[in-house]
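Engineer: File start13.pdb follows (PDB, C-alpha atoms, pLDDT in the B column):
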```pdb
ATOM      1  CA  MET P 883       0.000   0.000   0.000  1.00 92.00           C
ATOM      2  CA  PHE P 884       1.160   3.529  -0.696  1.00 98.00           C
ATOM      3  CA  THR P 885       2.307   5.003   2.607  1.00 98.00           C
ATOM      4  CA  LEU P 886       3.024   8.644   3.381  1.00 98.00           C
ATOM      5  CA  VAL P 887       4.975   9.680   6.478  1.00 98.00           C
ATOM      6  CA  ILE P 888       5.078  13.368   7.447  1.00 98.00           C
ATOM      7  CA  TYR P 889       6.863  14.707  10.497  1.00 98.00           C
ATOM      8  CA  ASP P 890       7.453  17.810  12.589  1.00 97.00           C
ATOM      9  CA  ILE P 891      10.656  17.227  14.528  1.00 96.00           C
ATOM     10  CA  SER P 892      12.774  19.999  15.997  1.00 93.00           C
ATOM     11  CA  ASP P 893      15.845  18.014  17.076  1.00 95.00           C
ATOM     12  CA  ASP P 894      18.305  17.459  14.210  1.00 96.00           C
ATOM     13  CA  GLU P 895      19.526  14.091  15.431  1.00 96.00           C
ATOM     14  CA  LEU P 896      16.052  12.701  16.022  1.00 97.00           C
ATOM     15  CA  ARG P 897      14.883  14.007  12.652  1.00 97.00           C
ATOM     16  CA  MET P 898      17.791  12.194  11.012  1.00 97.00           C
ATOM     17  CA  LYS P 899      16.902   8.969  12.818  1.00 98.00           C
ATOM     18  CA  VAL P 900      13.308   9.216  11.607  1.00 98.00           C
ATOM     19  CA  ALA P 901      14.470   9.852   8.030  1.00 98.00           C
ATOM     20  CA  GLN P 902      16.883   6.913   8.222  1.00 98.00           C
ATOM     21  CA  ALA P 903      14.120   4.625   9.495  1.00 98.00           C
ATOM     22  CA  CYS P 904      11.831   5.655   6.628  1.00 98.00           C
ATOM     23  CA  LYS P 905      14.613   4.944   4.113  1.00 98.00           C
ATOM     24  CA  ARG P 906      15.454   1.623   5.738  1.00 98.00           C
ATOM     25  CA  PHE P 907      11.834   0.543   5.222  1.00 98.00           C
ATOM     26  CA  GLY P 908      11.955   1.431   1.541  1.00 97.00           C
ATOM     27  CA  LEU P 909      10.351   4.866   1.541  1.00 98.00           C
ATOM     28  CA  VAL P 910      11.711   7.737  -0.518  1.00 97.00           C
ATOM     29  CA  ARG P 911      11.975  11.376   0.537  1.00 97.00           C
ATOM     30  CA  VAL P 912       9.400  13.529  -1.270  1.00 97.00           C
ATOM     31  CA  GLN P 913       9.787  16.675   0.834  1.00 97.00           C
ATOM     32  CA  LYS P 914      12.190  17.799   3.572  1.00 96.00           C
ATOM     33  CA  SER P 915       9.930  16.224   6.184  1.00 97.00           C
ATOM     34  CA  ALA P 916       7.954  13.709   4.149  1.00 98.00           C
ATOM     35  CA  PHE P 917       8.663  10.222   2.866  1.00 98.00           C
ATOM     36  CA  SER P 918       6.461   7.979   0.767  1.00 98.00           C
ATOM     37  CA  GLY P 919       6.410   4.712  -1.103  1.00 98.00           C
ATOM     38  CA  ARG P 920       4.615   1.435  -1.589  1.00 98.00           C
ATOM     39  CA  ILE P 921       5.290  -1.010   1.223  1.00 97.00           C
ATOM     40  CA  ARG P 922       3.452  -4.032   2.591  1.00 97.00           C
ATOM     41  CA  SER P 923       1.090  -3.510   5.533  1.00 97.00           C
ATOM     42  CA  SER P 924       3.275  -5.655   7.766  1.00 97.00           C
ATOM     43  CA  LEU P 925       6.290  -3.453   7.012  1.00 97.00           C
ATOM     44  CA  ARG P 926       4.232  -0.315   7.575  1.00 98.00           C
ATOM     45  CA  LYS P 927       3.245  -1.576  11.014  1.00 98.00           C
ATOM     46  CA  GLU P 928       6.867  -2.387  11.809  1.00 98.00           C
ATOM     47  CA  LEU P 929       7.931   1.093  10.674  1.00 98.00           C
ATOM     48  CA  ILE P 930       5.218   2.655  12.849  1.00 98.00           C
ATOM     49  CA  ALA P 931       6.578   0.745  15.858  1.00 98.00           C
ATOM     50  CA  VAL P 932      10.111   1.996  15.143  1.00 98.00           C
ATOM     51  CA  LEU P 933       8.921   5.592  14.678  1.00 98.00           C
ATOM     52  CA  ASN P 934       6.802   5.421  17.810  1.00 98.00           C
ATOM     53  CA  ALA P 935       9.801   4.299  19.841  1.00 98.00           C
ATOM     54  CA  LEU P 936      11.672   7.370  18.547  1.00 97.00           C
ATOM     55  CA  VAL P 937       9.082  10.058  19.318  1.00 97.00           C
ATOM     56  CA  LYS P 938       6.753   8.666  21.978  1.00 94.00           C
ATOM     57  CA  ASP P 939       8.172  10.746  24.837  1.00 91.00           C
ATOM     58  CA  THR P 940       8.864  13.887  22.831  1.00 93.00           C
ATOM     59  CA  GLU P 941       6.990  17.019  21.781  1.00 93.00           C
ATOM     60  CA  ASP P 942       7.388  15.927  18.166  1.00 96.00           C
ATOM     61  CA  ASN P 943       4.729  14.677  15.807  1.00 97.00           C
ATOM     62  CA  ILE P 944       4.682  12.013  13.103  1.00 98.00           C
ATOM     63  CA  GLN P 945       1.673  11.133  10.966  1.00 98.00           C
ATOM     64  CA  VAL P 946       1.465   8.016   8.829  1.00 98.00           C
ATOM     65  CA  TYR P 947      -1.167   7.874   6.074  1.00 98.00           C
ATOM     66  CA  VAL P 948      -2.202   5.054   3.786  1.00 98.00           C
ATOM     67  CA  VAL P 949      -3.455   6.083   0.349  1.00 98.00           C
ATOM     68  CA  CYS P 950      -5.147   3.577  -1.981  1.00 97.00           C
ATOM     69  CA  GLU P 951      -4.449   3.664  -5.726  1.00 97.00           C
ATOM     70  CA  PRO P 952      -7.734   5.372  -6.735  1.00 97.00           C
ATOM     71  CA  ASP P 953      -7.037   8.170  -4.234  1.00 97.00           C
ATOM     72  CA  LEU P 954      -3.407   8.329  -5.287  1.00 97.00           C
ATOM     73  CA  SER P 955      -4.519   9.095  -8.842  1.00 97.00           C
ATOM     74  CA  LEU P 956      -6.041  12.300  -7.411  1.00 97.00           C
ATOM     75  CA  LYS P 957      -2.735  13.397  -5.893  1.00 98.00           C
ATOM     76  CA  VAL P 958      -1.522  16.733  -7.224  1.00 98.00           C
ATOM     77  CA  GLU P 959       2.029  18.027  -6.989  1.00 97.00           C
ATOM     78  CA  LEU P 960       2.639  21.743  -7.493  1.00 98.00           C
ATOM     79  CA  GLY P 961       5.833  23.735  -7.967  1.00 96.00           C
ATOM     80  CA  LYS P 962       9.113  21.897  -8.273  1.00 94.00           C
ATOM     81  CA  PRO P 963       9.472  18.237  -7.294  1.00 91.00           C
ATOM     82  CA  PHE P 964      11.846  17.471  -4.451  1.00 86.00           C
ATOM     83  CA  ALA P 965      15.443  17.653  -5.688  1.00 78.00           C
ATOM     84  CA  GLY P 966      16.520  14.420  -4.045  1.00 73.00           C
ATOM     85  CA  GLU P 967      18.735  13.381  -1.223  1.00 69.00           C
ATOM     86  CA  ASP P 968      21.629  15.604  -2.260  1.00 54.00           C
ATOM     87  CA  SER P 969      19.559  18.699  -1.676  1.00 48.00           C
ATOM     88  CA  ASP P 970      20.781  21.231   0.860  1.00 47.00           C
ATOM     89  CA  MET P 971      19.241  21.659   4.259  1.00 49.00           C
ATOM     90  CA  LEU P 972      18.518  18.007   4.837  1.00 55.00           C
ATOM     91  CA  VAL P 973      19.212  16.609   8.243  1.00 52.00           C
TER      92      VAL P 973
ATOM     93  CA  MET M1314     -13.294  14.144   0.844  1.00 91.00           C
ATOM     94  CA  PHE M1315     -10.473  14.224   3.372  1.00 98.00           C
ATOM     95  CA  THR M1316      -7.705  16.323   1.877  1.00 98.00           C
ATOM     96  CA  LEU M1317      -4.112  16.624   3.088  1.00 98.00           C
ATOM     97  CA  VAL M1318      -1.846  19.433   1.931  1.00 98.00           C
ATOM     98  CA  ILE M1319       1.891  19.252   2.697  1.00 98.00           C
ATOM     99  CA  TYR M1320       4.416  21.846   1.644  1.00 98.00           C
ATOM    100  CA  ASP M1321       8.113  22.669   1.502  1.00 96.00           C
ATOM    101  CA  ILE M1322       8.392  26.429   1.180  1.00 96.00           C
ATOM    102  CA  SER M1323      11.485  28.411   2.088  1.00 93.00           C
ATOM    103  CA  ASP M1324      10.127  31.953   1.807  1.00 95.00           C
ATOM    104  CA  ASP M1325       8.296  33.095   4.953  1.00 96.00           C
ATOM    105  CA  GLU M1326       5.790  35.301   3.161  1.00 96.00           C
ATOM    106  CA  LEU M1327       4.898  32.702   0.554  1.00 97.00           C
ATOM    107  CA  ARG M1328       4.587  30.033   3.238  1.00 97.00           C
ATOM    108  CA  MET M1329       2.174  32.292   5.105  1.00 97.00           C
ATOM    109  CA  LYS M1330       0.101  32.827   1.957  1.00 98.00           C
ATOM    110  CA  VAL M1331      -0.131  29.075   1.411  1.00 98.00           C
ATOM    111  CA  ALA M1332      -1.192  28.533   5.020  1.00 98.00           C
ATOM    112  CA  GLN M1333      -3.796  31.313   4.746  1.00 98.00           C
ATOM    113  CA  ALA M1334      -5.213  29.779   1.557  1.00 98.00           C
ATOM    114  CA  CYS M1335      -5.523  26.378   3.245  1.00 98.00           C
ATOM    115  CA  LYS M1336      -7.355  27.967   6.185  1.00 98.00           C
ATOM    116  CA  ARG M1337      -9.616  29.984   3.913  1.00 98.00           C
ATOM    117  CA  PHE M1338     -10.716  26.744   2.255  1.00 98.00           C
ATOM    118  CA  GLY M1339     -11.570  25.178   5.599  1.00 97.00           C
ATOM    119  CA  LEU M1340      -8.480  23.108   6.286  1.00 98.00           C
ATOM    120  CA  VAL M1341      -6.861  22.951   9.707  1.00 97.00           C
ATOM    121  CA  ARG M1342      -3.143  22.957  10.489  1.00 97.00           C
ATOM    122  CA  VAL M1343      -1.967  19.517  11.634  1.00 97.00           C
ATOM    123  CA  GLN M1344       1.787  20.137  11.427  1.00 97.00           C
ATOM    124  CA  LYS M1345       3.948  23.207  10.792  1.00 96.00           C
ATOM    125  CA  SER M1346       3.773  22.550   7.055  1.00 97.00           C
ATOM    126  CA  ALA M1347       0.652  20.406   6.764  1.00 98.00           C
ATOM    127  CA  PHE M1348      -3.064  21.154   6.672  1.00 98.00           C
ATOM    128  CA  SER M1349      -5.955  18.746   6.425  1.00 98.00           C
ATOM    129  CA  GLY M1350      -9.719  18.526   6.556  1.00 98.00           C
ATOM    130  CA  ARG M1351     -12.832  17.344   4.791  1.00 98.00           C
ATOM    131  CA  ILE M1352     -13.759  19.549   1.859  1.00 97.00           C
ATOM    132  CA  ARG M1353     -15.809  19.033  -1.296  1.00 97.00           C
ATOM    133  CA  SER M1354     -13.958  18.035  -4.477  1.00 97.00           C
ATOM    134  CA  SER M1355     -14.920  21.290  -6.160  1.00 97.00           C
ATOM    135  CA  LEU M1356     -13.370  23.262  -3.303  1.00 97.00           C
ATOM    136  CA  ARG M1357     -10.256  21.078  -3.376  1.00 98.00           C
ATOM    137  CA  LYS M1358      -9.806  21.843  -7.067  1.00 98.00           C
ATOM    138  CA  GLU M1359     -10.264  25.549  -6.403  1.00 98.00           C
ATOM    139  CA  LEU M1360      -7.701  25.390  -3.584  1.00 98.00           C
ATOM    140  CA  ILE M1361      -5.261  23.576  -5.901  1.00 98.00           C
ATOM    141  CA  ALA M1362      -5.635  26.367  -8.464  1.00 98.00           C
ATOM    142  CA  VAL M1363      -4.935  28.990  -5.792  1.00 98.00           C
ATOM    143  CA  LEU M1364      -1.901  27.087  -4.476  1.00 98.00           C
ATOM    144  CA  ASN M1365      -0.596  26.508  -8.003  1.00 98.00           C
ATOM    145  CA  ALA M1366      -0.751  30.218  -8.720  1.00 98.00           C
ATOM    146  CA  LEU M1367       1.352  30.803  -5.599  1.00 97.00           C
ATOM    147  CA  VAL M1368       4.157  28.315  -6.281  1.00 97.00           C
ATOM    148  CA  LYS M1369       4.158  27.576 -10.015  1.00 94.00           C
ATOM    149  CA  ASP M1370       7.274  29.629 -10.794  1.00 91.00           C
ATOM    150  CA  THR M1371       9.165  28.842  -7.607  1.00 94.00           C
ATOM    151  CA  GLU M1372      11.530  26.155  -6.326  1.00 94.00           C
ATOM    152  CA  ASP M1373       8.929  25.232  -3.725  1.00 96.00           C
ATOM    153  CA  ASN M1374       6.814  22.112  -3.556  1.00 97.00           C
ATOM    154  CA  ILE M1375       3.218  21.462  -2.509  1.00 98.00           C
ATOM    155  CA  GLN M1376       1.536  18.063  -2.525  1.00 98.00           C
ATOM    156  CA  VAL M1377      -2.201  17.580  -2.193  1.00 98.00           C
ATOM    157  CA  TYR M1378      -3.511  14.128  -1.255  1.00 98.00           C
ATOM    158  CA  VAL M1379      -7.036  12.783  -1.057  1.00 98.00           C
ATOM    159  CA  VAL M1380      -7.630  10.068   1.540  1.00 98.00           C
ATOM    160  CA  CYS M1381     -10.884   8.061   1.596  1.00 97.00           C
ATOM    161  CA  GLU M1382     -12.516   7.128   4.892  1.00 97.00           C
ATOM    162  CA  PRO M1383     -11.357   3.467   4.925  1.00 97.00           C
ATOM    163  CA  ASP M1384      -7.750   4.597   4.404  1.00 97.00           C
ATOM    164  CA  LEU M1385      -8.165   7.371   6.932  1.00 97.00           C
ATOM    165  CA  SER M1386      -9.055   4.786   9.564  1.00 97.00           C
ATOM    166  CA  LEU M1387      -5.511   3.423   9.070  1.00 97.00           C
ATOM    167  CA  LYS M1388      -3.917   6.796   9.796  1.00 98.00           C
ATOM    168  CA  VAL M1389      -1.561   6.716  12.766  1.00 98.00           C
ATOM    169  CA  GLU M1390      -0.379   9.744  14.714  1.00 97.00           C
ATOM    170  CA  LEU M1391       2.705   9.403  16.915  1.00 98.00           C
ATOM    171  CA  GLY M1392       4.201  11.698  19.529  1.00 96.00           C
ATOM    172  CA  LYS M1393       2.359  14.847  20.498  1.00 93.00           C
ATOM    173  CA  PRO M1394      -0.480  16.257  18.385  1.00 91.00           C
ATOM    174  CA  PHE M1395       0.074  19.679  16.882  1.00 86.00           C
ATOM    175  CA  ALA M1396      -0.387  22.354  19.554  1.00 78.00           C
ATOM    176  CA  GLY M1397      -2.571  24.595  17.421  1.00 73.00           C
ATOM    177  CA  GLU M1398      -2.294  27.924  15.701  1.00 69.00           C
ATOM    178  CA  ASP M1399      -0.858  29.710  18.725  1.00 54.00           C
ATOM    179  CA  SER M1400       2.225  27.540  18.644  1.00 48.00           C
ATOM    180  CA  ASP M1401       5.592  29.231  18.212  1.00 47.00           C
ATOM    181  CA  MET M1402       7.557  29.133  15.011  1.00 49.00           C
ATOM    182  CA  LEU M1403       4.578  29.357  12.706  1.00 55.00           C
ATOM    183  CA  VAL M1404       4.857  31.650   9.756  1.00 52.00           C
TER     184      VAL M1404
END
```
Could you rewrite the structure in this file as structure tokens?
Structural biologist:
Amino acid sequence: MFTLVIYDISDDELRMKVAQACKRFGLVRVQKSAFSGRIRSSLRKELIAVLNALVKDTEDNIQVYVVCEPDLSLKVELGKPFAGEDSDMLV
Amino acid sequence: MFTLVIYDISDDELRMKVAQACKRFGLVRVQKSAFSGRIRSSLRKELIAVLNALVKDTEDNIQVYVVCEPDLSLKVELGKPFAGEDSDMLV
């Protein structure tokens, strides 16, 4: 299932850990604080457990959405697509 | 339909305009750079046109997702929910 992870994390190190976890589970960065990709439900649940362990006692926020293919066809991207992992300002 | 808008915008003034447009169309801030809410498809399309006009010639990126109710029931929120519009660091 297509999975979208968006996060609001102030601490650089924690933000990096969250990004690394998303990558490790096969997601791709689509914005500075957003990853997405198609992963199995079981993997999504595992990722959620990892992310929860990272932010459960913090002031930070992570939201994980599932988007089915019909809804995904309604997705609209405006402006310039994310430049990729070599972009500046990524932590 | 439940609509989620996420954005990566470096310019403070433009970011504020995007946030104001989202609010004007009835969406609520759920992260520093994310708004969501249930709005009619016609309104979503109008919002997309407004947002496109704001970022079309920029390096910025906005993504608009539609999430149906069954998928929305799979949404997971971790950490602390967004503190609301009075939170610091919002532009």
Engineer: Would you mind listing what lies within 6 Å of Val1318 in chain M as JSON, numbers by chain, with only C-alpha atoms counted and same-chain residues fewer than 2 positions away left out?
Structural biologist: {"M": [1347, 1348, 1376, 1377]}
Engineer: Let me know the residues the ChimeraX specification (/P :<8) & /M catches in the file above, as a PyMOL selection string.
Structural biologist: chain M and resi 1320-1321+1344-1345+1361+1364-1365+1368-1381+1384-1385+1387-1395
Engineer: Between M:Ile1352, M:Arg1357, M:Val1363, M:Met1314, which has the minimum distance to Lys1330 in chain M (counting all atoms listed in the file)?
Structural biologist: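 Closest to Lys1330 in chain M of all the choices is M:Val1363.
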Engineer: Quote the spacing between CA of Leu896 in chain P and CA of Ser1323 in chain M in Å to one decimal place.
Structural biologist: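 Computing the Euclidean distance for CA of Leu896 in chain P and CA of Ser1323 in chain M yields 21.5 Å.
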Engineer: Which distance in Å separates CA of Val1331 in chain M and CA of Ser918 in chain P, to one decimal?
Structural biologist: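 That distance, rounded to one decimal, is 22.1 Å.
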Engineer: What's the separation between CA of Arg920 in chain P and CA of Arg1353 in chain M, in Å to one decimal place?
Structural biologist: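 Between CA of Arg920 in chain P and CA of Arg1353 in chain M the gap works out to 27.0 Å.
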Engineer: Can you sort out range 938-956 of chain P so it carries N, CA and C atoms, written as a short mmCIF file (atom, residue, chain, number, x, y, z; two decimals), keeping the file's coordinate frame?
Structural biologist:
```
data_model
loop_
_atom_site.label_atom_id
_atom_site.label_comp_id
_atom_site.auth_asym_id
_atom_site.auth_seq_id
_atom_site.Cartn_x
_atom_site.Cartn_y
_atom_site.Cartn_z
N LYS P 938 7.88 8.80 21.03
CA LYS P 938 6.75 8.67 21.98
C LYS P 938 6.85 9.58 23.20
N ASP P 939 8.06 9.89 23.66
CA ASP P 939 8.17 10.75 24.84
C ASP P 939 8.67 12.14 24.48
N THR P 940 8.39 12.58 23.28
CA THR P 940 8.86 13.89 22.83
C THR P 940 7.68 14.81 22.55
N GLU P 941 8.02 16.05 22.19
CA GLU P 941 6.99 17.02 21.78
C GLU P 941 6.75 16.94 20.27
N ASP P 942 7.44 16.02 19.62
CA ASP P 942 7.39 15.93 18.17
C ASP P 942 6.16 15.17 17.68
N ASN P 943 5.92 15.29 16.38
CA ASN P 943 4.73 14.68 15.81
C ASN P 943 5.05 13.98 14.49
N ILE P 944 4.56 12.76 14.36
CA ILE P 944 4.68 12.01 13.10
C ILE P 944 3.29 11.53 12.72
N GLN P 945 2.95 11.65 11.45
CA GLN P 945 1.67 11.13 10.97
C GLN P 945 1.94 10.19 9.80
N VAL P 946 1.30 9.03 9.87
CA VAL P 946 1.46 8.02 8.83
C VAL P 946 0.11 7.79 8.16
N TYR P 947 0.07 8.03 6.85
CA TYR P 947 -1.17 7.87 6.07
C TYR P 947 -1.02 6.72 5.09
N VAL P 948 -2.13 6.04 4.86
CA VAL P 948 -2.20 5.05 3.79
C VAL P 948 -3.10 5.65 2.70
N VAL P 949 -2.66 5.54 1.45
CA VAL P 949 -3.46 6.08 0.35
C VAL P 949 -3.63 4.99 -0.71
N CYS P 950 -4.88 4.62 -0.99
CA CYS P 950 -5.15 3.58 -1.98
C CYS P 950 -4.92 4.13 -3.39
N GLU P 951 -4.79 3.24 -4.35
CA GLU P 951 -4.45 3.66 -5.73
C GLU P 951 -5.47 4.63 -6.33
N PRO P 952 -6.79 4.40 -6.16
CA PRO P 952 -7.73 5.37 -6.74
C PRO P 952 -7.53 6.78 -6.16
N ASP P 953 -7.28 6.85 -4.84
CA ASP P 953 -7.04 8.17 -4.23
C ASP P 953 -5.71 8.74 -4.71
N LEU P 954 -4.73 7.86 -4.88
CA LEU P 954 -3.41 8.33 -5.29
C LEU P 954 -3.45 8.98 -6.67
N SER P 955 -4.40 8.51 -7.50
CA SER P 955 -4.52 9.10 -8.84
C SER P 955 -5.02 10.54 -8.77
N LEU P 956 -5.57 10.92 -7.60
CA LEU P 956 -6.04 12.30 -7.41
C LEU P 956 -4.96 13.20 -6.81
#
```
